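Report on one structure; see the data block that follows.
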Amino acid sequence: MALADPVRRRIIARLSRGPATVNELAEPFSITKQAVSKHIQVLEHAGLVTRTRDAQRRPVHLDAAGLEALTAWIDRYRLIHEQRFRNLDALLATHRDSQVAASDAGATAGTAEEATES
């Protein structure tokens, strides 16, 4: 759910290049800094980012371990669904082949009947 919002996905993409402050993260968006802070809180709650204190600055960092865990979870489901799509492709190919064979058999039978009638 944390990555369902395009703003949060863009924040993650920006943080993949290095830490940034809320002000830096808010620059490309036409939303308030408070809204960006709320997005960061959602990402923190999901374990994808952390905040640290550096004197007056409070940079936001990408939490590589959290992102790695999320990626592993996504990959597991991606592999399951890829296998299901391969199974569906094989089933559709079998169905298509049986329809072509039935069509060919019907055409061959029709030709044999025409030859018999002549």
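As shown in the structure tokens, the chain order sets the letters A, B, ...; within each chain, residues go from 1, and ligands are also counted from 1 in the order they appear.
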
Would you list the contacts of Ala2 of chain A as a ChimeraX atom specification, taking every protein, DNA or RNA residue within 9 Å and counting only C-alpha atoms, but skipping same-chain residues closer than 4 positions in sequence? /A:8-9,39,42-43,45-46,48

For a test of reading the model, state the distance in Å between atom CA of Ile12 of chain A and atom CA of Val49 of chain A, rounded to one decimal.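 Pair atom CA of Ile12 of chain A / atom CA of Val49 of chain A returns 8.2 Å.
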
Sel. of alpha helix (DSSP H) residues, chain A, as a PyMOL selection string: chain A and resi 6-15+22-26+33-45+64-117
